[in-house]
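target_37.cif follows; it contains mmCIF, C-alpha atoms and all ligand atoms.
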data_protein
#
loop_
_atom_site.label_atom_id
_atom_site.label_comp_id
_atom_site.auth_asym_id
_atom_site.auth_seq_id
_atom_site.Cartn_x
_atom_site.Cartn_y
_atom_site.Cartn_z
CA MET A 29 21.61 5.08 8.12
CA VAL A 30 17.84 5.07 8.05
CA SER A 31 15.65 3.32 10.52
CA ALA A 32 11.97 2.95 11.13
CA ASP A 33 10.64 4.80 14.16
CA ASN A 34 8.41 2.55 16.28
CA GLY A 35 7.66 0.46 13.25
CA ARG A 36 6.46 3.42 11.21
CA MET A 37 8.08 4.15 7.86
CA LEU A 38 10.07 7.34 7.82
CA ALA A 39 8.88 10.07 5.49
CA PRO A 40 11.24 10.14 2.49
CA ASN A 41 12.64 13.56 3.43
CA THR A 42 13.32 12.28 6.96
CA ALA A 43 14.99 9.23 5.45
CA ALA A 44 17.20 11.46 3.34
CA GLN A 45 18.35 13.36 6.39
CA ARG A 46 19.57 10.14 7.97
CA VAL A 47 21.34 8.61 4.97
CA ASP A 48 25.07 9.08 4.93
CA PHE A 49 25.39 10.36 1.36
CA GLU A 50 29.14 10.77 1.76
CA GLY A 51 29.56 7.06 2.41
CA PHE A 52 28.36 6.09 -1.08
CA ALA A 53 31.28 7.59 -3.00
CA ALA A 54 33.87 5.09 -1.74
CA LEU A 55 31.75 2.05 -2.64
CA SER A 56 31.51 0.05 -5.84
CA PRO A 57 28.27 0.58 -7.83
CA PRO A 58 26.71 -2.76 -6.74
CA ASP A 59 27.60 -1.97 -3.12
CA ARG A 60 25.96 1.45 -3.55
CA LEU A 61 22.75 -0.29 -4.65
CA ALA A 62 22.91 -2.67 -1.71
CA LEU A 63 23.57 0.15 0.77
CA LEU A 64 20.64 2.16 -0.57
CA ARG A 65 18.36 -0.85 -0.12
CA GLN A 66 19.72 -1.47 3.35
CA SER A 67 19.53 2.19 4.40
CA VAL A 68 16.20 3.33 3.02
CA PRO A 69 12.87 1.76 3.97
CA GLY A 70 9.96 1.70 1.57
CA ARG A 71 9.84 1.19 -2.18
CA LEU A 72 12.95 1.81 -4.28
CA VAL A 73 12.37 2.23 -8.00
CA PHE A 74 14.89 1.55 -10.74
CA ALA A 75 13.84 3.26 -13.97
CA HIS A 76 15.34 0.99 -16.62
CA GLY A 77 15.82 2.26 -20.16
CA PHE A 78 17.75 -0.77 -21.52
CA GLY A 79 20.95 1.19 -22.11
CA ILE A 80 24.30 -0.39 -21.23
CA GLU A 81 24.26 1.29 -17.80
CA GLY A 82 20.75 0.08 -17.07
CA GLN A 83 21.55 -3.46 -18.14
CA LEU A 84 24.51 -3.56 -15.77
CA ILE A 85 22.47 -2.10 -12.88
CA PHE A 86 19.71 -4.64 -13.54
CA HIS A 87 22.33 -7.41 -13.57
CA TRP A 88 23.55 -6.37 -10.11
CA ILE A 89 20.00 -6.02 -8.75
CA CYS A 90 19.27 -9.60 -9.88
CA GLU A 91 22.65 -10.96 -8.81
CA ARG A 92 22.18 -9.62 -5.28
CA ALA A 93 18.43 -10.28 -5.22
CA LEU A 94 17.78 -6.71 -4.14
CA ASP A 95 14.18 -5.82 -3.39
CA ILE A 96 13.89 -3.02 -5.94
CA ASP A 97 10.90 -2.24 -8.16
CA VAL A 98 12.30 -2.35 -11.72
CA VAL A 99 10.17 -0.38 -14.16
CA THR A 100 10.53 0.71 -17.75
CA LEU A 101 8.70 3.46 -19.59
CA ASP A 102 7.29 1.94 -22.77
CA THR A 103 6.73 4.97 -24.98
CA GLY A 104 5.34 2.83 -27.80
CA ARG A 105 8.10 4.21 -30.07
CA LEU A 106 11.06 2.05 -29.05
CA PHE A 107 13.28 0.17 -31.51
CA PRO A 108 12.29 -3.44 -32.28
CA GLU A 109 15.78 -4.33 -31.00
CA THR A 110 14.94 -2.76 -27.64
CA TYR A 111 11.75 -4.80 -27.28
CA ALA A 112 13.73 -7.93 -28.18
CA LEU A 113 16.37 -7.05 -25.57
CA TRP A 114 13.63 -6.50 -22.98
CA ALA A 115 12.24 -9.99 -23.60
CA ALA A 116 15.70 -11.59 -23.70
CA THR A 117 16.69 -9.87 -20.45
CA GLU A 118 13.58 -11.15 -18.67
CA ARG A 119 14.37 -14.66 -19.93
CA ARG A 120 18.01 -14.46 -18.89
CA TYR A 121 17.31 -13.26 -15.33
CA GLY A 122 13.92 -14.89 -14.79
CA ARG A 123 12.45 -11.63 -13.64
CA ARG A 124 9.67 -9.43 -15.05
CA ILE A 125 10.41 -5.76 -15.75
CA ARG A 126 7.29 -3.74 -14.97
CA ALA A 127 6.07 -1.69 -17.92
CA VAL A 128 4.57 1.74 -17.34
CA TYR A 129 2.56 3.21 -20.22
CA PRO A 130 1.45 6.70 -21.22
CA ASP A 131 -2.01 7.76 -20.16
CA ARG A 132 -4.28 6.75 -23.03
CA ASP A 133 -6.41 9.93 -23.08
CA ALA A 134 -3.37 12.23 -22.89
CA LEU A 135 -1.69 10.33 -25.73
CA GLU A 136 -4.79 10.47 -27.90
CA ARG A 137 -5.06 14.23 -27.36
CA LEU A 138 -1.35 14.69 -28.14
CA VAL A 139 -1.51 12.76 -31.41
CA ALA A 140 -4.78 14.47 -32.40
CA ARG A 141 -3.17 17.88 -31.88
CA ASP A 142 0.39 17.35 -33.17
CA GLY A 143 0.16 14.29 -35.44
CA ILE A 144 1.88 10.96 -35.01
CA ASP A 145 5.35 12.44 -35.70
CA GLY A 146 4.67 15.93 -34.36
CA PHE A 147 7.86 15.93 -32.30
CA TYR A 148 9.92 16.84 -35.40
CA ARG A 149 8.09 20.14 -35.76
CA SER A 150 9.45 22.12 -32.83
CA LYS A 151 11.14 21.82 -29.47
CA HIS A 152 7.78 22.53 -27.86
CA THR A 153 6.01 19.63 -29.59
CA ARG A 154 9.00 17.35 -28.93
CA LEU A 155 8.94 18.13 -25.22
CA ALA A 156 5.17 17.67 -25.19
CA CYS A 157 5.63 14.15 -26.59
CA CYS A 158 8.40 13.34 -24.08
CA ASP A 159 6.16 14.64 -21.33
CA VAL A 160 3.20 12.44 -22.24
CA ARG A 161 5.17 9.33 -23.20
CA LYS A 162 7.94 9.50 -20.57
CA ALA A 163 7.81 12.18 -17.88
CA GLN A 164 4.21 11.68 -16.78
CA PRO A 165 4.51 7.85 -16.66
CA LEU A 166 7.72 8.24 -14.62
CA GLU A 167 5.90 10.42 -12.09
CA ARG A 168 3.29 7.65 -11.73
CA ALA A 169 6.01 5.02 -11.33
CA LEU A 170 7.71 7.08 -8.61
CA ALA A 171 4.56 7.99 -6.70
CA GLY A 172 4.98 6.90 -3.09
CA ALA A 173 8.55 5.67 -3.57
CA SER A 174 11.34 6.48 -1.11
CA ALA A 175 14.12 6.53 -3.69
CA TRP A 176 14.79 6.11 -7.39
CA ILE A 177 17.78 4.75 -9.20
CA ALA A 178 18.90 5.89 -12.63
CA GLY A 179 21.82 5.17 -14.94
CA LEU A 180 23.25 8.67 -15.44
CA ARG A 181 27.01 9.07 -15.83
CA ALA A 182 28.80 12.41 -15.45
CA ASP A 183 30.71 12.07 -18.72
CA GLN A 184 27.62 11.49 -20.88
CA SER A 185 27.09 15.20 -21.47
CA ALA A 186 27.75 18.66 -20.03
CA ALA A 187 24.20 18.73 -18.62
CA ARG A 188 24.70 15.43 -16.82
CA ARG A 189 27.96 16.56 -15.21
CA ASP A 190 25.82 18.78 -12.99
CA ALA A 191 23.92 15.76 -11.62
CA LYS A 192 25.10 13.88 -8.52
CA LEU A 193 25.95 10.38 -7.43
CA ILE A 194 23.31 10.61 -4.73
CA ALA A 195 21.11 13.52 -3.74
CA PHE A 196 17.72 14.38 -2.43
CA ASP A 197 15.32 15.17 -5.27
CA GLU A 198 13.54 18.18 -3.78
CA ARG A 199 10.75 18.30 -6.34
CA ARG A 200 9.79 14.66 -6.00
CA ARG A 201 10.72 14.45 -2.31
CA LEU A 202 12.80 11.31 -2.63
CA ILE A 203 16.41 10.17 -2.81
CA LYS A 204 17.98 9.72 -6.23
CA LEU A 205 20.98 7.46 -6.76
CA ASN A 206 23.03 7.23 -9.95
CA PRO A 207 25.29 4.30 -8.99
CA LEU A 208 27.42 4.62 -12.16
CA PHE A 209 27.77 8.39 -11.95
CA ASP A 210 31.58 8.40 -11.71
CA TRP A 211 32.18 5.57 -14.17
CA THR A 212 33.25 6.05 -17.78
CA ARG A 213 31.58 4.39 -20.74
CA ALA A 214 34.70 2.23 -21.14
CA GLN A 215 34.38 0.96 -17.56
CA VAL A 216 30.72 0.12 -18.07
CA LEU A 217 31.44 -1.71 -21.32
CA ALA A 218 34.31 -3.65 -19.74
CA HIS A 219 32.03 -4.89 -16.94
CA VAL A 220 29.20 -5.67 -19.35
CA ARG A 221 31.60 -7.88 -21.32
CA ALA A 222 33.16 -9.46 -18.24
CA GLU A 223 29.76 -10.35 -16.78
CA ASN A 224 28.29 -11.33 -20.14
CA VAL A 225 25.39 -8.93 -19.70
CA PRO A 226 23.08 -8.77 -22.76
CA ILE A 227 23.06 -5.38 -24.50
CA ASN A 228 21.25 -3.82 -27.43
CA PRO A 229 22.81 -4.89 -30.79
CA LEU A 230 22.34 -1.31 -31.99
CA HIS A 231 25.35 -0.27 -29.90
CA ALA A 232 27.55 -2.21 -32.32
CA LYS A 233 26.04 -0.17 -35.17
CA GLY A 234 27.09 3.18 -33.67
CA TYR A 235 24.11 3.96 -31.47
CA ALA A 236 25.73 5.18 -28.25
CA SER A 237 22.59 6.32 -26.43
CA ILE A 238 19.33 4.62 -27.40
CA GLY A 239 15.89 6.08 -26.85
CA CYS A 240 12.83 6.11 -29.08
CA ALA A 241 13.49 4.89 -32.63
CA SER A 242 12.04 8.04 -34.16
CA CYS A 243 14.35 10.27 -32.14
CA THR A 244 17.67 8.39 -32.11
CA ARG A 245 20.38 8.05 -34.73
CA ALA A 246 23.86 6.56 -34.73
CA THR A 247 26.80 8.80 -33.86
CA ALA A 248 30.24 9.01 -35.43
CA PRO A 249 33.27 7.77 -33.49
CA GLY A 250 34.32 10.42 -30.97
CA GLU A 251 31.00 12.29 -31.21
CA PRO A 252 29.34 13.05 -27.83
CA GLU A 253 27.10 10.17 -26.76
CA ARG A 254 23.89 12.19 -26.55
CA ASN A 255 24.32 13.80 -30.01
CA GLY A 256 22.31 10.99 -31.54
CA ARG A 257 19.22 11.99 -29.57
CA TRP A 258 16.86 14.61 -31.16
CA TRP A 259 19.63 15.31 -33.67
CA TRP A 260 17.51 17.83 -35.59
CA GLU A 261 17.47 20.21 -32.60
CA ARG A 262 20.22 22.83 -32.51
CA GLY A 263 21.70 23.74 -29.12
CA GLY A 264 20.18 23.22 -25.71
CA HIS A 265 20.24 20.09 -23.63
CA LYS A 266 19.60 16.62 -25.07
CA GLU A 267 17.20 15.52 -22.37
CA CYS A 268 13.59 14.43 -22.25
CA GLY A 269 12.90 16.10 -18.92
CA LEU A 270 13.16 13.06 -16.65
CA HIS A 271 16.41 14.16 -15.07
CA LEU A 272 16.00 17.91 -15.04
CA PRO A 273 15.32 19.73 -11.80
CA ARG A 274 12.51 21.82 -13.30
CA PRO A 275 8.87 20.65 -13.28
CA PRO A 276 8.06 18.50 -16.33
CA HIS A 277 6.93 20.26 -19.48
CA ARG A 278 3.17 20.15 -19.69
CA GLY A 279 2.90 20.38 -23.44
CA GLY A 280 -0.15 22.56 -23.60
CA GLY A 281 -2.32 20.83 -21.08
CA PHE A 282 -1.71 17.12 -21.63
FE1 LIG A 301 8.30 11.25 -28.19
FE2 LIG A 301 10.69 11.20 -29.34
FE3 LIG A 301 10.42 11.88 -26.75
FE4 LIG A 301 10.07 9.34 -27.58
S1 LIG A 301 11.98 10.53 -27.59
S2 LIG A 301 8.81 10.42 -26.15
S3 LIG A 301 9.02 9.68 -29.58
S4 LIG A 301 9.67 13.01 -28.57
#

With the file now loaded, output its structure as structure tokens.
Amino acid sequence: MVSADNGRMLAPNTAAQRVDFEGFAALSPPDRLALLRQSVPGRLVFAHGFGIEGQLIFHWICERALDIDVVTLDTGRLFPETYALWAATERRYGRRIRAVYPDRDALERLVARDGIDGFYRSKHTRLACCDVRKAQPLERALAGASAWIAGLRADQSAARRDAKLIAFDERRRLIKLNPLFDWTRAQVLAHVRAENVPINPLHAKGYASIGCASCTRATAPGEPERNGRWWWERGGHKECGLHLPRPPHRGGGF
């Protein structure tokens, strides 16, 4: 467990040393969220992307009135359905979800250099766009936080199997919890239905994993969930850089 020493907040790395990571595995996902809040002082950030996992995590945060900073990265390229879900979710739970936007100057330089749809041109330009619209805003959202919460599941992709339920993020110097890490998509969907949690209507049209509209397509039944993301890219991971251990791509100086 984490405590404050003489009223001072523990440095995040000190906090990590005192959290019983092993104890999280036996708990239910909502209990994992509650234990993180109880164990770690300072600001906890939930990065919400409005996927089914995120909607369920947000539901539990609201249900248990957990003091967690809920943020979303508005890339400016999301589906209209995602914006509608965002608004409907705020209405349903009576709670604002804090939007974090790309840096205006960096975005203007990116679009001037690569064009408005430059991400289709190469992996380099795609990662540059993800860096400006997602990775850099996430770093701002996490600045000064003690821990961040994400919706990764191990069975989403081979790359995500290497993630962990809870770990210390060495690069960012904070704890990272994926409360649904050991759940299957079927388990998440069953709970979403049971709790009547609102989800994106695009899921019913074959969109398993939903990101920016320009970079997401529906997948066929049985196809890996992340195949609908950046479908024009052959091989390599289907990630935008948020959850990779390496430093974010800098996209040529943005
Ligand atoms: Fe840009 Fe596509 Fe990445 Fe969204 S998913 S930030 S539009 S490259």

*Nearby polymer residues, ligand LIG 301 (chain A), at most 7 Å, only C-alpha atoms and all ligand atoms, as JSON, numbers by chain*: {"A": [103, 105, 147, 154, 155, 157, 158, 159, 161, 162, 239, 240, 242, 243, 268]}

*Compare A:Trp114, A:Val68, A:Leu166, A:Gly179 by their minimum atom-to-atom distance to A:Val216, counting all atoms listed in the file, and give me the closest one.*
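The answer is A:Gly179, which sits nearest to A:Val216.
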
_Neighbour list for A:Arg123 as JSON, numbers by chain, cut-off 12 Å, all atoms listed in the file, skip fewer than 4 positions in-chain_ = {"A": [86, 87, 89, 90, 91, 93, 94, 95, 96, 97, 98, 99, 114, 115, 116, 117, 118, 119]}

*Excluding A:Ala195 and any residue of its chain fewer than 2 positions from it, enumerate the residues within 7 Å of it, using all atoms listed in the file, and give them as JSON, numbers by chain.*
{"A": [192, 193, 197, 203, 204, 205]}

*Name all residues at most 9 Å from A:Arg213 (count all atoms listed in the file; drop same-chain ones fewer than 2 positions away) and give them as a ChimeraX atom specification.*
/A:80-81,181,183-184,211,215-218

Just the selected residues (C-alpha atoms), exported as an mmCIF file, in the frame of the given file, please.
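Output contents, as saved in result.cif:
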data_model
loop_
_atom_site.group_PDB
_atom_site.id
_atom_site.type_symbol
_atom_site.label_atom_id
_atom_site.label_comp_id
_atom_site.auth_asym_id
_atom_site.auth_seq_id
_atom_site.Cartn_x
_atom_site.Cartn_y
_atom_site.Cartn_z
ATOM 1 C CA ILE A 80 24.300 -0.390 -21.230
ATOM 2 C CA GLU A 81 24.260 1.290 -17.800
ATOM 3 C CA ARG A 181 27.010 9.070 -15.830
ATOM 4 C CA ASP A 183 30.710 12.070 -18.720
ATOM 5 C CA GLN A 184 27.620 11.490 -20.880
ATOM 6 C CA TRP A 211 32.180 5.570 -14.170
ATOM 7 C CA GLN A 215 34.380 0.960 -17.560
ATOM 8 C CA VAL A 216 30.720 0.120 -18.070
ATOM 9 C CA LEU A 217 31.440 -1.710 -21.320
ATOM 10 C CA ALA A 218 34.310 -3.650 -19.740
#

*Quick one, how far is atom CA of A:Ala173 from atom CA of A:Leu138?*
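Between atom CA of A:Ala173 and atom CA of A:Leu138 the gap works out to 28.0 Å.
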
*asked:* Counting only C-alpha atoms, which residue out of A:Ala236, A:Tyr111, A:Leu72, A:Ala241 sits closest to A:Asn255?
replied: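 Closest to A:Asn255 of all the choices is A:Ala236.
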
*From A:Trp88, A:Ile194, A:His76, A:Glu136, residue lying nearest A:Gly51 [all atoms listed in the file]*: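 Ranked by minimum distance to A:Gly51, first place goes to A:Ile194.
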
*Pull the neighbourhood of (22.0, 2.1, -35.0) for me: all residues within 12 Å in file coordinates, counting all atoms listed in the file, as a VMD selection string.*
chain A and resid 107 to 110 228 to 248 256 to 257

*Considering all atoms listed in the file, return as number ranges by chain whatever protein or nucleic-acid residues lie within 8 Å of A:Asp102, sequence-local ones (same chain, fewer than 4 positions apart) excluded.*
A: 106, 127-130, 161-162

*Name the closest residue to A:Trp176 among the candidates A:Ile144, A:Ile227, A:Leu202, A:Ala54; distances are taken between atoms, counting only C-alpha atoms.*
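Of A:Ile144, A:Ile227, A:Leu202, A:Ala54, the one nearest A:Trp176, counting only C-alpha atoms, is A:Leu202.
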
*Rank nothing, just name the residue among A:Phe78, A:Leu64, A:Asp142, A:Arg126 nearest to A:Ala169, using only C-alpha atoms.*
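Answer, going by the shortest atom-to-atom distance: A:Arg126.
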
*What is the distance, in Å and to one decimal place, between atom CA of A:Val160 and atom CA of A:Leu135?*
6.4 Å

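Minimum atom-to-atom distance to A:Val47, evaluated using only C-alpha atoms, belongs to A:Arg65 out of A:His271, A:Arg199, A:Arg65, A:Arg254.
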
10 Å contact set for A:Gly172, only C-alpha atoms, chain neighbours under 4 positions out, as a tab-separated table (two decimals) with C-alpha atoms, keeping the file's coordinate frame:
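The result, written out as around04.tsv:
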chain	number	residue	atom	x	y	z
A	39	ALA	CA	8.88	10.07	5.49
A	40	PRO	CA	11.24	10.14	2.49
A	70	GLY	CA	9.96	1.70	1.57
A	71	ARG	CA	9.84	1.19	-2.18
A	72	LEU	CA	12.95	1.81	-4.28
A	167	GLU	CA	5.90	10.42	-12.09
A	168	ARG	CA	3.29	7.65	-11.73
A	200	ARG	CA	9.79	14.66	-6.00
A	201	ARG	CA	10.72	14.45	-2.31
A	202	LEU	CA	12.80	11.31	-2.63
